[in-house]
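Below: the structure, in structure tokens.
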Amino acid sequence: MGRVRMPADVEREDKILAGLTARQLLIIGVPGIAAWAGLTALKDLVPLPVLAAIAVPVIGAAVAAALVRRDGLGLDQLLLAAFRFHRSPKRRATGTPAPAEVPSWIGAETEALPAPLALPLEAIGDDGVIDLGTHGAAIVLSCSTVNFGLRTPEEQAALVAGFSGYLNSLSAPVQVLVRAESVRLDPLIAALDREAPGLPHPALEAAAHDHGDFLAGLAESHDLLYRHVLLVLREPSGTGRHGAATVRRRADDAIRALGAAGSSATVLGGPQAAAVLAAAANPTNRDGTPPDGLAAPDAVITGPQPPQED
């Protein structure tokens, strides 16, 4: 039986001529043909150095757009993305009723309203399945971490084999997301100070206060982070019940496969998945308090107070 070698990157564009893809040949060929046609038509009317001074930058820009790559994207793709970003609205908001028009006699100039924010999801089921509409369905799993460095070489090899086996079994897109969130120790310190006087022995009260001081010093000297590992499975081809059933089956397979790699994975239910998505879009800490310098989502923002005269 003959063997067929499969390329490692199956999404790489095919090279047509001189190591260039069809897109690169098109980017270089169109300006090149235009420059050649211009030189042919104007060589008897315009001096050759002038034509060369015009054609060389054009050809150079075309070659750079075709060959220069950054982060896996060509220069033409980066320029197109920059143009789309410049044209897209920077302020977006979820669906809200249209505000009333300002009366003409006020003479006030209102700022442009935020553009509508179209979220990629349509609904979240109680079982955690996220309906993406025409883009299929997705589900989110919470995974525990593995202390790889403390394992023996044999155990490390077994963990790597288990995780590689799961990766080799994938047939649809997955996303491994590691979220780092700041941890606030203020509620814990306040609870220690509040409960310490009620302890049955003075030594226990002193120990509680000492522990509170230790936590306060730890919060001041270190940036405490809480890391949450999430695995997002998406079924792009399935919609409705078929997509939900497929992505749930893939979640069960992932739980079993990751268990062999030493990671305990659980499917996030509907409220938990909604909380994760809300936390990703809302710049607040885990306890709902905004970071320093940002107002709470429901806070009324006012202008600076005028100085009071004595």
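Chain labels A, B, ... are given in the sequence in which chains occur in the structure tokens; within each chain residues are numbered consecutively from 1, and ligands are likewise numbered from 1 in the order shown.
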
For stretch 226-228 of chain A, find every residue with an atom within 9 Å (counting only C-alpha atoms), except residues of its own chain fewer than 5 positions away, and show them as number ranges by chain.
A: 142-145, 177-183

Export, as an mmCIF file, in the first residue's frame, the selected residues with C-alpha atoms.
```
data_model
loop_
_atom_site.group_PDB
_atom_site.id
_atom_site.type_symbol
_atom_site.label_atom_id
_atom_site.label_comp_id
_atom_site.auth_asym_id
_atom_site.auth_seq_id
_atom_site.Cartn_x
_atom_site.Cartn_y
_atom_site.Cartn_z
ATOM 1 C CA SER A 142 -13.444 24.513 33.287
ATOM 2 C CA CYS A 143 -10.176 22.582 33.605
ATOM 3 C CA SER A 144 -7.902 22.064 36.573
ATOM 4 C CA THR A 145 -4.171 22.595 36.232
ATOM 5 C CA LEU A 177 -8.118 30.134 27.357
ATOM 6 C CA VAL A 178 -6.170 31.018 30.502
ATOM 7 C CA ARG A 179 -7.796 33.983 32.231
ATOM 8 C CA ALA A 180 -5.821 35.869 34.865
ATOM 9 C CA GLU A 181 -7.942 37.907 37.248
ATOM 10 C CA SER A 182 -6.799 40.081 40.115
ATOM 11 C CA VAL A 183 -7.613 38.860 43.605
#
```

Shell around stretch 153-168 of chain A at 10 Å using only C-alpha atoms, local window under 5 positions removed, as a ChimeraX atom specification:
/A:146-148,174,253-263

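With atom CA of A:Glu235 on one side and atom CA of A:Val247 on the other, the separation reads 5.9 Å.
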
From the options A:Ala66, A:Ala123, A:Ala281, A:Ala196, which residue's atoms come nearest to A:Ala22, counting only C-alpha atoms?
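Of A:Ala66, A:Ala123, A:Ala281, A:Ala196, the one nearest A:Ala22 is A:Ala66, counting only C-alpha atoms.
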
Which of stretch 181-211 of chain A fall in helix (DSSP H, G or I), as an MDAnalysis selection string:
chainID A and resid 186:198 202:211

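Of the residues under consideration (A:Ala82, A:Asp127, A:Ala62, A:Ala275), A:Ala62 shows the shortest atom-to-atom contact distance to A:Val30 when counting only C-alpha atoms.
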
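A straight line drawn from atom CA of A:Gly32 to atom CA of A:Ile59 is 6.3 Å long.
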
For A:His209, which of A:Ala273, A:Gly125, A:Leu188, A:Gly72 is the closest residue, counting only C-alpha atoms?
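Counting only C-alpha atoms, the residue closest to A:His209 is A:Leu188.
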
Closest to A:Gly19 among A:Ala52, A:Leu117, A:Leu67, A:Leu39, using only C-alpha atoms?
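That would be A:Leu67, the residue with the smallest distance to A:Gly19.
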
Record the distance separating atom CA of A:Ile27 and atom CA of A:Leu79, expressed in Å with one decimal.
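Pair atom CA of A:Ile27 / atom CA of A:Leu79 returns 13.4 Å.
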
Can you list, as JSON, numbers by chain, all residues belonging to stretch 25-251 of chain A that DSSP tags as strand (DSSP E)?
{"A": [69, 70, 73, 74, 92, 93, 115, 116, 123, 124, 130, 131, 137, 138, 139, 140, 141, 142, 143, 174, 175, 176, 177, 178, 179, 180, 181, 182, 225, 226, 227, 228, 229, 230, 231, 232, 233, 234, 235]}

Residues from last step as file, C-alpha atoms, as a PDB file, in the first residue's frame:
```pdb
ATOM      1  CA  ARG A  69       4.557  39.052   6.687  1.00  0.00           C
ATOM      2  CA  ARG A  70       3.959  39.747  10.349  1.00  0.00           C
ATOM      3  CA  LEU A  73      -0.427  37.856   7.944  1.00  0.00           C
ATOM      4  CA  GLY A  74       0.698  39.549   4.770  1.00  0.00           C
ATOM      5  CA  ARG A  92     -20.695  50.149  20.786  1.00  0.00           C
ATOM      6  CA  ALA A  93     -23.652  49.404  23.010  1.00  0.00           C
ATOM      7  CA  ALA A 115     -23.076  51.760  17.223  1.00  0.00           C
ATOM      8  CA  PRO A 116     -25.142  48.643  17.961  1.00  0.00           C
ATOM      9  CA  ALA A 123     -28.810  32.092  23.494  1.00  0.00           C
ATOM     10  CA  ILE A 124     -27.251  30.059  26.311  1.00  0.00           C
ATOM     11  CA  ILE A 130     -24.051  28.381  23.560  1.00  0.00           C
ATOM     12  CA  ASP A 131     -26.110  28.919  20.420  1.00  0.00           C
ATOM     13  CA  ALA A 137     -22.751  25.877  18.777  1.00  0.00           C
ATOM     14  CA  ALA A 138     -20.128  26.034  21.517  1.00  0.00           C
ATOM     15  CA  ILE A 139     -19.620  24.830  25.060  1.00  0.00           C
ATOM     16  CA  VAL A 140     -17.186  25.898  27.790  1.00  0.00           C
ATOM     17  CA  LEU A 141     -15.321  23.557  30.141  1.00  0.00           C
ATOM     18  CA  SER A 142     -13.444  24.513  33.287  1.00  0.00           C
ATOM     19  CA  CYS A 143     -10.176  22.582  33.605  1.00  0.00           C
ATOM     20  CA  VAL A 174     -11.010  24.288  20.136  1.00  0.00           C
ATOM     21  CA  GLN A 175      -9.726  27.180  22.212  1.00  0.00           C
ATOM     22  CA  VAL A 176      -7.647  26.944  25.376  1.00  0.00           C
ATOM     23  CA  LEU A 177      -8.118  30.134  27.357  1.00  0.00           C
ATOM     24  CA  VAL A 178      -6.170  31.018  30.502  1.00  0.00           C
ATOM     25  CA  ARG A 179      -7.796  33.983  32.231  1.00  0.00           C
ATOM     26  CA  ALA A 180      -5.821  35.869  34.865  1.00  0.00           C
ATOM     27  CA  GLU A 181      -7.942  37.907  37.248  1.00  0.00           C
ATOM     28  CA  SER A 182      -6.799  40.081  40.115  1.00  0.00           C
ATOM     29  CA  LEU A 225      -3.731  36.741  40.366  1.00  0.00           C
ATOM     30  CA  TYR A 226      -6.276  33.981  40.048  1.00  0.00           C
ATOM     31  CA  ARG A 227      -5.866  31.832  36.936  1.00  0.00           C
ATOM     32  CA  HIS A 228      -8.835  30.097  35.410  1.00  0.00           C
ATOM     33  CA  VAL A 229      -8.249  27.585  32.592  1.00  0.00           C
ATOM     34  CA  LEU A 230     -11.136  27.246  30.157  1.00  0.00           C
ATOM     35  CA  LEU A 231     -11.558  24.930  27.191  1.00  0.00           C
ATOM     36  CA  VAL A 232     -13.993  26.153  24.540  1.00  0.00           C
ATOM     37  CA  LEU A 233     -15.341  23.600  22.082  1.00  0.00           C
ATOM     38  CA  ARG A 234     -17.138  24.781  18.972  1.00  0.00           C
ATOM     39  CA  GLU A 235     -19.094  22.865  16.387  1.00  0.00           C
TER      40      GLU A 235
END
```
